[in-house]
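Q: Next comes data.cif, mmCIF, C-alpha atoms and all ligand atoms:
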```cif
data_upload
#
loop_
_atom_site.label_atom_id
_atom_site.label_comp_id
_atom_site.auth_asym_id
_atom_site.auth_seq_id
_atom_site.Cartn_x
_atom_site.Cartn_y
_atom_site.Cartn_z
CA MET A 1 -21.49 -12.84 14.86
CA LEU A 2 -24.73 -13.79 16.56
CA ILE A 3 -24.02 -11.26 19.31
CA ASP A 4 -23.67 -8.56 16.69
CA CYS A 5 -26.97 -9.48 15.15
CA LEU A 6 -28.63 -9.46 18.57
CA ASN A 7 -27.09 -6.11 19.45
CA ARG A 8 -28.40 -4.67 16.24
CA VAL A 9 -31.88 -6.05 16.84
CA LEU A 10 -31.80 -4.66 20.38
CA GLY A 11 -30.66 -1.32 19.00
CA LYS A 12 -27.48 -1.12 21.06
CA ALA A 13 -25.27 1.72 19.90
CA ALA A 14 -21.98 0.74 18.30
CA PRO A 15 -18.90 2.40 19.81
CA ASN A 16 -18.04 3.99 16.45
CA SER A 17 -14.29 4.37 16.74
CA ARG A 18 -14.13 5.17 13.04
CA ILE A 19 -14.92 8.83 13.71
CA HIS A 20 -12.12 8.98 16.28
CA ALA A 21 -9.68 7.41 13.85
CA ARG A 22 -10.59 9.84 11.11
CA GLU A 23 -10.40 12.97 13.24
CA ARG A 24 -7.15 12.01 14.96
CA LEU A 25 -5.62 11.18 11.62
CA ARG A 26 -6.67 14.53 10.16
CA LEU A 27 -5.04 16.40 13.03
CA VAL A 28 -1.85 14.37 12.99
CA LEU A 29 -1.50 14.94 9.26
CA VAL A 30 -1.95 18.70 9.55
CA HIS A 31 1.12 18.76 11.77
CA ASP A 32 3.05 16.15 9.75
CA ARG A 33 2.46 17.94 6.49
CA ALA A 34 3.24 21.37 7.88
CA LYS A 35 6.34 19.79 9.47
CA MET A 36 5.26 21.59 12.58
CA SER A 37 4.50 20.27 16.05
CA PRO A 38 1.33 21.29 17.88
CA TYR A 39 3.60 23.41 20.11
CA PHE A 40 4.96 25.42 17.20
CA MET A 41 1.55 25.72 15.69
CA ASN A 42 0.41 27.50 18.85
CA LYS A 43 3.51 29.64 18.87
CA LEU A 44 2.79 30.64 15.29
CA LYS A 45 -0.71 31.59 16.25
CA GLU A 46 0.53 33.78 19.11
CA ASP A 47 3.10 35.48 16.95
CA LEU A 48 0.59 36.08 14.19
CA TYR A 49 -1.67 37.65 16.76
CA SER A 50 0.99 39.99 18.10
CA VAL A 51 1.90 41.13 14.58
CA ILE A 52 -1.70 41.68 13.59
CA THR A 53 -2.47 43.73 16.72
CA ARG A 54 0.38 46.05 15.80
CA TYR A 55 -1.72 47.26 12.92
CA VAL A 56 -5.34 46.61 13.87
CA VAL A 57 -7.29 46.17 17.05
CA ALA A 58 -8.14 42.51 17.43
CA ASP A 59 -9.37 40.19 20.11
CA ALA A 60 -7.23 37.11 20.79
CA ASP A 61 -10.26 34.92 21.31
CA LYS A 62 -11.72 35.95 18.02
CA LEU A 63 -8.57 35.36 16.05
CA GLU A 64 -8.83 32.11 14.19
CA VAL A 65 -5.93 30.53 12.39
CA VAL A 66 -7.25 28.27 9.69
CA LEU A 67 -5.14 25.69 7.97
CA ASN A 68 -6.66 24.77 4.68
CA GLN A 69 -5.81 21.59 2.99
CA SER A 70 -6.47 21.16 -0.68
CA ASP A 71 -5.04 18.27 -2.66
CA ARG A 72 -2.08 17.58 -0.44
CA VAL A 73 -1.08 21.26 -0.24
CA ASP A 74 -1.70 22.96 3.07
CA GLU A 75 -2.35 26.68 3.13
CA LEU A 76 -2.61 29.05 6.05
CA MET B 1 8.95 -0.90 -23.48
CA GLY B 2 7.99 -1.98 -20.00
CA GLU B 3 6.52 -0.11 -17.09
CA ILE B 4 8.53 0.05 -13.86
CA ILE B 5 6.36 0.13 -10.75
CA VAL B 6 7.47 0.26 -7.11
CA VAL B 7 5.20 -1.08 -4.33
CA THR B 8 5.81 0.81 -1.10
CA SER B 9 4.09 1.75 2.18
CA GLY B 10 6.25 3.30 4.90
CA LYS B 11 4.82 1.12 7.63
CA GLY B 12 5.92 -2.50 7.72
CA GLY B 13 3.70 -5.53 7.39
CA VAL B 14 0.81 -3.90 5.55
CA GLY B 15 1.03 -6.13 2.47
CA LYS B 16 3.68 -4.89 0.02
CA THR B 17 5.11 -8.35 -0.66
CA THR B 18 1.66 -9.94 -0.90
CA THR B 19 0.63 -7.20 -3.33
CA THR B 20 3.77 -7.54 -5.48
CA ALA B 21 3.39 -11.33 -5.74
CA ASN B 22 -0.31 -11.20 -6.58
CA ILE B 23 -0.22 -8.39 -9.10
CA GLY B 24 2.80 -9.95 -10.80
CA THR B 25 1.19 -13.37 -10.99
CA ALA B 26 -2.10 -11.93 -12.27
CA LEU B 27 -0.33 -9.97 -15.03
CA ALA B 28 1.78 -12.98 -16.03
CA SER B 29 -1.31 -15.20 -16.13
CA GLU B 30 -2.53 -12.97 -18.96
CA GLY B 31 0.63 -13.77 -20.88
CA LEU B 32 2.48 -10.56 -20.05
CA ARG B 33 6.22 -10.63 -19.39
CA VAL B 34 6.80 -9.70 -15.77
CA VAL B 35 9.82 -9.51 -13.49
CA LEU B 36 9.51 -9.02 -9.72
CA ILE B 37 12.44 -7.49 -7.84
CA ASP B 38 12.78 -8.04 -4.10
CA THR B 39 14.73 -5.10 -2.66
CA ASP B 40 14.22 -6.04 0.98
CA ILE B 41 17.86 -7.02 1.45
CA GLY B 42 18.47 -9.03 4.61
CA LEU B 43 14.76 -9.78 5.00
CA ARG B 44 13.87 -11.40 1.73
CA ASN B 45 10.35 -12.82 1.55
CA LEU B 46 9.04 -12.52 -1.96
CA ASP B 47 10.72 -15.84 -2.86
CA VAL B 48 8.73 -17.65 -0.15
CA VAL B 49 5.43 -15.99 -1.02
CA MET B 50 6.00 -17.05 -4.65
CA GLY B 51 7.09 -20.56 -3.61
CA LEU B 52 10.46 -20.17 -5.33
CA GLU B 53 12.80 -20.25 -2.32
CA ASN B 54 14.42 -23.57 -3.32
CA ARG B 55 15.51 -22.33 -6.71
CA ILE B 56 17.66 -19.41 -5.68
CA VAL B 57 21.28 -19.58 -6.75
CA TYR B 58 22.28 -15.94 -7.19
CA ASP B 59 20.67 -12.77 -5.88
CA ILE B 60 20.50 -9.04 -6.63
CA VAL B 61 23.73 -8.29 -4.75
CA ASP B 62 25.57 -10.92 -6.83
CA VAL B 63 24.36 -9.16 -9.96
CA VAL B 64 25.40 -5.73 -8.72
CA ASN B 65 28.82 -7.01 -7.61
CA GLY B 66 29.39 -8.73 -10.95
CA ASN B 67 29.46 -12.26 -9.48
CA CYS B 68 26.95 -13.32 -12.13
CA ARG B 69 25.03 -11.97 -15.08
CA LEU B 70 21.51 -10.63 -14.58
CA LYS B 71 20.01 -13.50 -16.60
CA GLN B 72 21.66 -16.04 -14.29
CA ALA B 73 20.07 -14.57 -11.18
CA LEU B 74 16.55 -14.42 -12.57
CA ILE B 75 14.37 -17.29 -11.40
CA ARG B 76 11.55 -18.45 -13.60
CA ASP B 77 8.19 -18.98 -11.91
CA LYS B 78 6.79 -22.51 -11.56
CA ARG B 79 3.44 -21.71 -13.06
CA PHE B 80 3.94 -18.98 -15.64
CA GLU B 81 6.89 -18.99 -17.94
CA SER B 82 6.71 -15.25 -18.59
CA LEU B 83 7.16 -14.49 -14.87
CA TYR B 84 10.57 -14.03 -13.20
CA LEU B 85 11.90 -13.13 -9.78
CA LEU B 86 15.12 -11.32 -8.95
CA PRO B 87 15.61 -12.27 -5.28
CA ALA B 88 17.08 -10.08 -2.56
CA ALA B 89 20.26 -11.13 -0.76
CA GLN B 90 19.64 -12.57 2.67
CA THR B 91 23.10 -12.21 4.17
CA LYS B 92 23.96 -8.62 3.24
CA ASP B 93 22.40 -5.33 4.30
CA LYS B 94 20.73 -2.48 2.49
CA THR B 95 23.99 -0.67 1.79
CA ALA B 96 25.04 -3.55 -0.49
CA ILE B 97 23.24 -1.84 -3.37
CA SER B 98 22.87 1.81 -4.33
CA PRO B 99 20.16 3.84 -6.10
CA GLU B 100 22.43 3.95 -9.16
CA ASP B 101 22.57 0.14 -9.20
CA MET B 102 18.77 0.00 -9.19
CA GLU B 103 18.50 2.56 -11.97
CA TYR B 104 20.89 0.49 -14.03
CA LEU B 105 19.04 -2.79 -13.39
CA CYS B 106 15.67 -1.27 -14.23
CA LYS B 107 17.01 0.14 -17.49
CA GLU B 108 18.45 -3.26 -18.37
CA MET B 109 15.08 -4.96 -17.88
CA LYS B 110 12.75 -2.33 -19.28
CA ASP B 111 12.99 -3.57 -22.86
CA ASP B 112 12.62 -7.26 -22.09
CA TYR B 113 9.52 -7.11 -19.88
CA ASP B 114 6.08 -5.56 -19.93
CA TYR B 115 6.15 -4.92 -16.18
CA VAL B 116 9.00 -4.62 -13.70
CA ILE B 117 7.50 -4.64 -10.19
CA ILE B 118 9.69 -3.67 -7.25
CA ASP B 119 8.90 -4.84 -3.71
CA CYS B 120 10.14 -2.10 -1.37
CA PRO B 121 11.29 -2.68 2.22
CA ALA B 122 9.46 -0.96 5.11
CA GLY B 123 10.75 2.38 6.33
CA ILE B 124 12.06 5.50 4.64
CA GLU B 125 15.79 4.89 4.84
CA GLN B 126 18.23 3.80 2.18
CA GLY B 127 16.29 0.66 1.26
CA PHE B 128 13.35 2.87 0.32
CA TYR B 129 15.50 5.16 -1.81
CA ASN B 130 17.10 2.16 -3.51
CA ALA B 131 13.69 0.69 -4.33
CA ILE B 132 12.23 3.85 -5.82
CA ALA B 133 15.34 4.94 -7.73
CA GLY B 134 14.58 3.17 -11.00
CA ALA B 135 10.77 3.34 -10.79
CA GLU B 136 8.48 5.33 -13.05
CA LYS B 137 5.28 4.72 -11.14
CA ALA B 138 4.43 3.98 -7.53
CA ILE B 139 1.78 2.03 -5.68
CA VAL B 140 1.28 2.84 -1.99
CA VAL B 141 -0.23 0.11 0.18
CA THR B 142 -1.97 0.93 3.45
CA THR B 143 -4.37 -0.68 5.90
CA PRO B 144 -7.37 1.17 7.37
CA GLU B 145 -5.53 2.13 10.55
CA VAL B 146 -4.36 5.53 11.76
CA SER B 147 -0.67 4.61 11.93
CA ALA B 148 -0.56 2.96 8.50
CA VAL B 149 -2.39 5.82 6.79
CA ARG B 150 -0.17 8.35 8.50
CA ASP B 151 2.95 6.58 7.23
CA ALA B 152 1.39 6.29 3.77
CA ASP B 153 0.93 10.06 3.77
CA ARG B 154 4.58 10.58 4.61
CA VAL B 155 5.67 8.20 1.87
CA ILE B 156 3.40 9.87 -0.70
CA GLY B 157 5.12 13.16 0.15
CA LEU B 158 8.57 11.60 -0.28
CA LEU B 159 7.59 9.95 -3.57
CA GLU B 160 6.31 13.23 -4.94
CA SER B 161 9.48 15.06 -3.97
CA SER B 162 11.44 12.29 -5.73
CA ASP B 163 9.44 12.96 -8.91
CA LEU B 164 7.18 9.93 -8.60
CA ARG B 165 4.01 11.96 -9.01
CA ASN B 166 0.48 10.65 -8.60
CA PRO B 167 1.16 7.42 -6.74
CA LYS B 168 -1.85 5.10 -6.63
CA LEU B 169 -3.33 3.69 -3.45
CA ILE B 170 -4.25 0.14 -2.42
CA ILE B 171 -6.20 -0.27 0.80
CA ASN B 172 -5.44 -3.75 2.15
CA ARG B 173 -7.01 -5.84 4.91
CA LEU B 174 -10.28 -3.94 4.97
CA ARG B 175 -12.87 -5.69 7.10
CA PRO B 176 -16.32 -5.00 5.68
CA ARG B 177 -18.08 -5.97 8.88
CA MET B 178 -16.04 -3.56 11.02
CA VAL B 179 -16.65 -0.78 8.51
CA ARG B 180 -20.37 -1.48 8.62
CA GLN B 181 -20.28 -1.31 12.40
CA GLY B 182 -18.48 2.01 12.32
CA ASP B 183 -15.32 0.59 13.85
CA MET B 184 -13.00 0.97 10.89
CA MET B 185 -12.28 3.87 8.57
CA ASP B 186 -13.92 3.30 5.23
CA ILE B 187 -12.55 3.71 1.71
CA GLU B 188 -13.85 7.25 1.35
CA ASP B 189 -12.28 8.44 4.64
CA ILE B 190 -8.85 7.24 3.57
CA VAL B 191 -9.00 8.40 -0.05
CA ASP B 192 -10.24 11.83 1.11
CA ILE B 193 -7.48 12.26 3.63
CA LEU B 194 -4.63 11.05 1.40
CA ALA B 195 -5.96 12.78 -1.72
CA VAL B 196 -4.55 10.22 -4.14
CA GLU B 197 -6.14 7.99 -6.74
CA LEU B 198 -7.47 4.64 -5.54
CA LEU B 199 -6.16 1.60 -7.40
CA GLY B 200 -8.05 -0.99 -5.41
CA VAL B 201 -9.32 -2.38 -2.13
CA VAL B 202 -8.36 -5.82 -0.81
CA GLN B 203 -10.30 -7.21 2.08
CA GLU B 204 -8.99 -9.21 5.00
CA ASP B 205 -8.90 -12.80 3.81
CA ASP B 206 -7.69 -15.92 5.64
CA ARG B 207 -6.83 -17.46 2.27
CA ILE B 208 -3.90 -15.04 2.02
CA ILE B 209 -2.26 -16.96 4.84
CA VAL B 210 -3.14 -20.32 3.29
CA SER B 211 -1.71 -19.20 -0.02
CA THR B 212 1.47 -17.94 1.64
CA ASN B 213 1.78 -21.31 3.40
CA ARG B 214 1.61 -23.02 0.04
CA GLY B 215 3.75 -20.52 -1.84
CA GLU B 216 0.91 -19.94 -4.28
CA PRO B 217 -0.37 -16.35 -4.68
CA ALA B 218 -4.07 -15.86 -3.90
CA VAL B 219 -4.87 -14.80 -7.48
CA MET B 220 -4.54 -18.50 -8.34
CA ASN B 221 -7.46 -19.23 -6.01
CA LEU B 222 -10.77 -18.51 -7.68
CA VAL B 223 -12.80 -18.34 -4.46
CA SER B 224 -10.47 -16.00 -2.56
CA PRO B 225 -11.96 -12.48 -2.29
CA ALA B 226 -8.43 -11.03 -1.95
CA GLY B 227 -7.41 -12.96 -5.07
CA GLU B 228 -10.33 -11.49 -6.99
CA ALA B 229 -9.42 -8.00 -5.73
CA TYR B 230 -5.84 -8.42 -6.97
CA ARG B 231 -7.00 -9.73 -10.35
CA ARG B 232 -9.07 -6.57 -10.72
CA ILE B 233 -6.15 -4.39 -9.65
CA ALA B 234 -3.97 -6.04 -12.31
CA ARG B 235 -6.57 -5.24 -14.96
CA ARG B 236 -6.66 -1.61 -13.80
CA ILE B 237 -2.88 -1.45 -14.08
CA ARG B 238 -3.30 -2.52 -17.72
CA GLY B 239 -5.60 0.45 -18.18
CA GLU B 240 -8.97 -1.26 -18.02
CA GLU B 241 -11.82 0.32 -16.10
CA VAL B 242 -12.95 -2.24 -13.56
CA PRO B 243 -15.52 -1.51 -10.84
CA LEU B 244 -14.60 -1.98 -7.19
CA MET B 245 -15.57 -5.35 -5.75
CA HIS B 246 -18.65 -5.69 -3.68
CA LEU B 247 -17.17 -6.24 -0.24
CA GLU B 248 -18.48 -9.34 1.42
CA GLU B 249 -17.51 -10.79 4.72
CA SER B 250 -17.49 -14.26 3.31
CA TYR B 251 -18.23 -16.11 0.12
CA GLY B 252 -19.16 -19.15 2.17
CA PHE B 253 -22.52 -20.74 2.56
CA MET B 254 -23.28 -19.09 5.89
CA GLY B 255 -22.36 -15.70 4.49
CA ARG B 256 -24.68 -16.13 1.54
CA LEU B 257 -27.43 -17.45 3.77
CA ARG B 258 -27.12 -14.49 6.11
CA LYS B 259 -27.17 -12.08 3.21
CA PHE B 260 -30.16 -13.84 1.73
CA MET B 261 -32.04 -13.47 4.99
CA GLY B 262 -30.91 -9.85 5.22
CA LEU B 263 -29.71 -10.35 8.76
CA CYS B 264 -26.23 -8.80 9.01
N1 LIG A 301 -5.60 -9.10 2.73
C1 LIG A 301 -4.97 -9.81 3.69
N2 LIG A 301 -5.69 -10.66 4.49
C2 LIG A 301 -5.07 -11.37 5.45
N3 LIG A 301 -3.75 -11.36 5.69
C3 LIG A 301 -2.98 -10.53 4.94
C4 LIG A 301 -3.55 -9.74 3.91
N4 LIG A 301 -2.53 -9.03 3.33
C5 LIG A 301 -1.40 -9.40 3.98
N5 LIG A 301 -1.65 -10.28 4.95
C6 LIG A 301 -0.67 -10.90 5.87
O1 LIG A 301 0.02 -9.85 6.51
C7 LIG A 301 1.37 -10.20 6.71
C8 LIG A 301 2.28 -9.12 6.12
O2 LIG A 301 2.14 -9.10 4.71
P1 LIG A 301 3.36 -8.77 3.75
O3 LIG A 301 4.54 -9.59 4.09
O4 LIG A 301 2.85 -8.81 2.36
O5 LIG A 301 3.63 -7.26 4.21
P2 LIG A 301 4.87 -6.34 3.84
O6 LIG A 301 4.33 -4.95 3.74
O7 LIG A 301 5.59 -6.87 2.65
O8 LIG A 301 5.78 -6.50 5.14
P3 LIG A 301 7.28 -5.96 5.35
O9 LIG A 301 7.14 -4.50 5.61
O10 LIG A 301 7.78 -6.72 6.53
O11 LIG A 301 8.02 -6.26 4.09
C9 LIG A 301 1.59 -11.55 6.08
O12 LIG A 301 1.57 -12.51 7.08
C10 LIG A 301 0.40 -11.71 5.14
O13 LIG A 301 0.03 -13.04 5.00
MG MG A 302 7.70 -7.35 2.44
#
```
Could you express the structure from this file as structure tokens?
Ligand SMILES: Nc1ncnc2c1ncn2[C@@H]1O[C@H](COP(=O)(O)OP(=O)(O)OP(=O)(O)O)[C@@H](O)[C@H]1O
Ligand SMILES: [Mg+2]
A:
Amino acid sequence: MLIDCLNRVLGKAAPNSRIHARERLRLVLVHDRAKMSPYFMNKLKEDLYSVITRYVVADADKLEVVLNQSDRVDEL
Amino acid sequence: MGEIIVVTSGKGGVGKTTTTANIGTALASEGLRVVLIDTDIGLRNLDVVMGLENRIVYDIVDVVNGNCRLKQALIRDKRFESLYLLPAAQTKDKTAISPEDMEYLCKEMKDDYDYVIIDCPAGIEQGFYNAIAGAEKAIVVTTPEVSAVRDADRVIGLLESSDLRNPKLIINRLRPRMVRQGDMMDIEDIVDILAVELLGVVQEDDRIIVSTNRGEPAVMNLVSPAGEAYRRIARRIRGEEVPLMHLEESYGFMGRLRKFMGLC
């Protein structure tokens, strides 16, 4: 307790693991909710790319697959 | 006509039994008729948390198997005469009852009580499906940790696909000091991610352990912050609008002194 107070007075930065927790949780839940592993997510992205390039000229690096989450429903 | 509420979580040990005991006791202390059902067959605990373990004669499996009538298995609380417990069996396993049994029991009790509160076992196997079968509403308990919130998300999905829409969330064991230091997810992080309605926040409180030791739910203790949080949750369940508690590390003298001096 006292150490914490001292640290604060001395301006020592807190490790802030909260941000890590939040971001890791967000990612894990994207996969859980889509019932899709990170591996399949990548596969999906590749396949989407190959289909899209059949019709239009596109650059793989510039293709972005966005998973939107609104109120517990995920949309691609 | 009573309300039938299941308390569930996915992950084990996050506070389902503590929550069931405290909400039930708080509601009964207002004169409401309440029955608590322990569905954690083989690992019964609600009896001990309520301090009623010495009074058990029959259990839920006896009722389902027709060894006794429902009224015979119900144990009346020591403190509040409108509060009852239907204990789980300790010697059987989760296959000893079925979802249909639970639906039947809940229907039987709905008219005689204002609230039927079901303590669900951990996990998402048959015990979970038994516990939710007769419920009309669900409370999901989590702690501010990645694994617990992840499991809560999974359970919310399963509840919704079982037609228990809009479950309400209780965040248990929050440590205000760790949140302030940026070492614990805060209320907003969790509510945002799970996208469900918040029913209440209960902070980490040593008195929970003391009250479990004594078999006396924390809502009976007027200086316990967790007890106060559960009293507020009970009022919200009754439909009152009650503000969230101001989260304090301690109600003790040192805590107040520190706050007064604006130190931590
Ligand atoms: N707010 C709190 N502060 C401190 N300790 C707590 C708090 N809530 C629960 N606990 C403790 O955590 C432990 C687990 O609580 P509890 O038995 O209610 O969880 P559970 O979800 O019912 O567990 P299980 O999944 O095994 O049924 C208990 O020892 C309890 O005393
Ligand atoms: Mg339990």
Q: Quick one: residues within 9 Å of segment 197-212 of chain B, all atoms listed in the file, excluding same-chain residues fewer than 3 positions away - as a PyMOL selection string?
A: chain B and resi 18+48-51+139+166-176+187+191+194+215-218+220-221+224-230+232-233+236-237+244-245+247-250
Q: Using only C-alpha atoms, which protein or nucleic acid residues come within 7 Å of Lys137 of chain B? Drop anything in the same chain fewer than 2 positions from it, and give the result as a ChimeraX atom specification.
A: /B:4-6,135,164,167
Q: Rank nothing, just name the residue among B:Asp189, B:Glu103, B:Asp111, B:Asp47 nearest to ligand MG 302 (chain A), using all atoms listed in the file.
A: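 Counting all atoms listed in the file, the residue closest to ligand MG 302 (chain A) is B:Asp47.
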Q: Just how far from atom CA of Ala21 of chain B is atom CA of Glu108 of chain B, in Å to one decimal?
A: 21.2 Å
Q: Mind dumping a table of every chain B residue within 8 Å of chain A, with the nearest atom pair and its distance in Å to one decimal, using all atoms listed in the file, sorted by chain and rising number, as CSV?
A:
```
residue,atom,partner,partner_atom,distance
B:Glu145,CA,A:Ala21,CA,7.5
B:Val146,CA,A:Leu25,CA,5.8
B:Val149,CA,A:Leu25,CA,7.9
B:Arg150,CA,A:Leu29,CA,6.8
B:Asp153,CA,A:Leu29,CA,7.7
B:Arg154,CA,A:Asp32,CA,7.7
B:Val179,CA,A:Arg18,CA,7.9
B:Gln181,CA,A:Ala14,CA,6.5
B:Gly182,CA,A:Asn16,CA,4.6
B:Asp183,CA,A:Arg18,CA,4.8
B:Met184,CA,A:Arg18,CA,4.9
B:Met185,CA,A:Arg18,CA,5.0
B:Asp189,CA,A:Arg22,CA,6.8
B:Ile193,CA,A:Arg26,CA,7.0
B:Leu194,CA,A:Arg72,CA,7.2
B:Ala195,CA,A:Asp71,CA,5.6
B:Leu263,CA,A:Cys5,CA,7.0
B:Cys264,CA,A:Cys5,CA,6.2
```
Q: Please write the residues from the selection above to a file, keeping C-alpha atoms, as an mmCIF file, in the frame of the given file.
A:
```cif
data_model
loop_
_atom_site.group_PDB
_atom_site.id
_atom_site.type_symbol
_atom_site.label_atom_id
_atom_site.label_comp_id
_atom_site.auth_asym_id
_atom_site.auth_seq_id
_atom_site.Cartn_x
_atom_site.Cartn_y
_atom_site.Cartn_z
ATOM 1 C CA GLU B 145 -5.530 2.130 10.550
ATOM 2 C CA VAL B 146 -4.360 5.530 11.760
ATOM 3 C CA VAL B 149 -2.390 5.820 6.790
ATOM 4 C CA ARG B 150 -0.170 8.350 8.500
ATOM 5 C CA ASP B 153 0.930 10.060 3.770
ATOM 6 C CA ARG B 154 4.580 10.580 4.610
ATOM 7 C CA VAL B 179 -16.650 -0.780 8.510
ATOM 8 C CA GLN B 181 -20.280 -1.310 12.400
ATOM 9 C CA GLY B 182 -18.480 2.010 12.320
ATOM 10 C CA ASP B 183 -15.320 0.590 13.850
ATOM 11 C CA MET B 184 -13.000 0.970 10.890
ATOM 12 C CA MET B 185 -12.280 3.870 8.570
ATOM 13 C CA ASP B 189 -12.280 8.440 4.640
ATOM 14 C CA ILE B 193 -7.480 12.260 3.630
ATOM 15 C CA LEU B 194 -4.630 11.050 1.400
ATOM 16 C CA ALA B 195 -5.960 12.780 -1.720
ATOM 17 C CA LEU B 263 -29.710 -10.350 8.760
ATOM 18 C CA CYS B 264 -26.230 -8.800 9.010
#
```
Q: Show me the residues close to (2.9, 3.0, 9.9) - anything with an atom within 7 Å, counting only C-alpha atoms - and format the list as a PyMOL selection string.
A: chain B and resi 10-12+147-151
Q: Return as a tab-separated table the residues of chain B lying at most 10 Å from ligand MG 302 (chain A), together with the closest atom-to-atom pair for each and the distance in Å to one decimal, counting all atoms listed in the file, with rows in chain order and ascending residue number.
A:
```
residue	atom	partner	partner_atom	distance
B:Val7	CA	A:MG302	MG	9.6
B:Thr8	CA	A:MG302	MG	9.1
B:Ser9	CA	A:MG302	MG	9.8
B:Gly12	CA	A:MG302	MG	7.4
B:Gly13	CA	A:MG302	MG	6.6
B:Val14	CA	A:MG302	MG	8.3
B:Gly15	CA	A:MG302	MG	6.8
B:Lys16	CA	A:MG302	MG	5.3
B:Thr17	CA	A:MG302	MG	4.2
B:Thr18	CA	A:MG302	MG	7.4
B:Thr19	CA	A:MG302	MG	9.1
B:Thr20	CA	A:MG302	MG	8.8
B:Asp38	CA	A:MG302	MG	8.3
B:Thr39	CA	A:MG302	MG	9.0
B:Asp40	CA	A:MG302	MG	6.8
B:Leu43	CA	A:MG302	MG	7.9
B:Arg44	CA	A:MG302	MG	7.4
B:Asn45	CA	A:MG302	MG	6.1
B:Leu46	CA	A:MG302	MG	6.9
B:Val49	CA	A:MG302	MG	9.6
B:Asp119	CA	A:MG302	MG	6.8
B:Cys120	CA	A:MG302	MG	6.9
B:Pro121	CA	A:MG302	MG	5.9
B:Ala122	CA	A:MG302	MG	7.1
```
Q: Convert the current residue selection to file output with C-alpha atoms, as a PDB file, keeping the file's coordinate frame.
A:
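Output contents, as saved in again.pdb:
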```pdb
ATOM      1  CA  VAL B   7       5.200  -1.080  -4.330  1.00  0.00           C
ATOM      2  CA  THR B   8       5.810   0.810  -1.100  1.00  0.00           C
ATOM      3  CA  SER B   9       4.090   1.750   2.180  1.00  0.00           C
ATOM      4  CA  GLY B  12       5.920  -2.500   7.720  1.00  0.00           C
ATOM      5  CA  GLY B  13       3.700  -5.530   7.390  1.00  0.00           C
ATOM      6  CA  VAL B  14       0.810  -3.900   5.550  1.00  0.00           C
ATOM      7  CA  GLY B  15       1.030  -6.130   2.470  1.00  0.00           C
ATOM      8  CA  LYS B  16       3.680  -4.890   0.020  1.00  0.00           C
ATOM      9  CA  THR B  17       5.110  -8.350  -0.660  1.00  0.00           C
ATOM     10  CA  THR B  18       1.660  -9.940  -0.900  1.00  0.00           C
ATOM     11  CA  THR B  19       0.630  -7.200  -3.330  1.00  0.00           C
ATOM     12  CA  THR B  20       3.770  -7.540  -5.480  1.00  0.00           C
ATOM     13  CA  ASP B  38      12.780  -8.040  -4.100  1.00  0.00           C
ATOM     14  CA  THR B  39      14.730  -5.100  -2.660  1.00  0.00           C
ATOM     15  CA  ASP B  40      14.220  -6.040   0.980  1.00  0.00           C
ATOM     16  CA  LEU B  43      14.760  -9.780   5.000  1.00  0.00           C
ATOM     17  CA  ARG B  44      13.870 -11.400   1.730  1.00  0.00           C
ATOM     18  CA  ASN B  45      10.350 -12.820   1.550  1.00  0.00           C
ATOM     19  CA  LEU B  46       9.040 -12.520  -1.960  1.00  0.00           C
ATOM     20  CA  VAL B  49       5.430 -15.990  -1.020  1.00  0.00           C
ATOM     21  CA  ASP B 119       8.900  -4.840  -3.710  1.00  0.00           C
ATOM     22  CA  CYS B 120      10.140  -2.100  -1.370  1.00  0.00           C
ATOM     23  CA  PRO B 121      11.290  -2.680   2.220  1.00  0.00           C
ATOM     24  CA  ALA B 122       9.460  -0.960   5.110  1.00  0.00           C
TER      25      ALA B 122
END
```
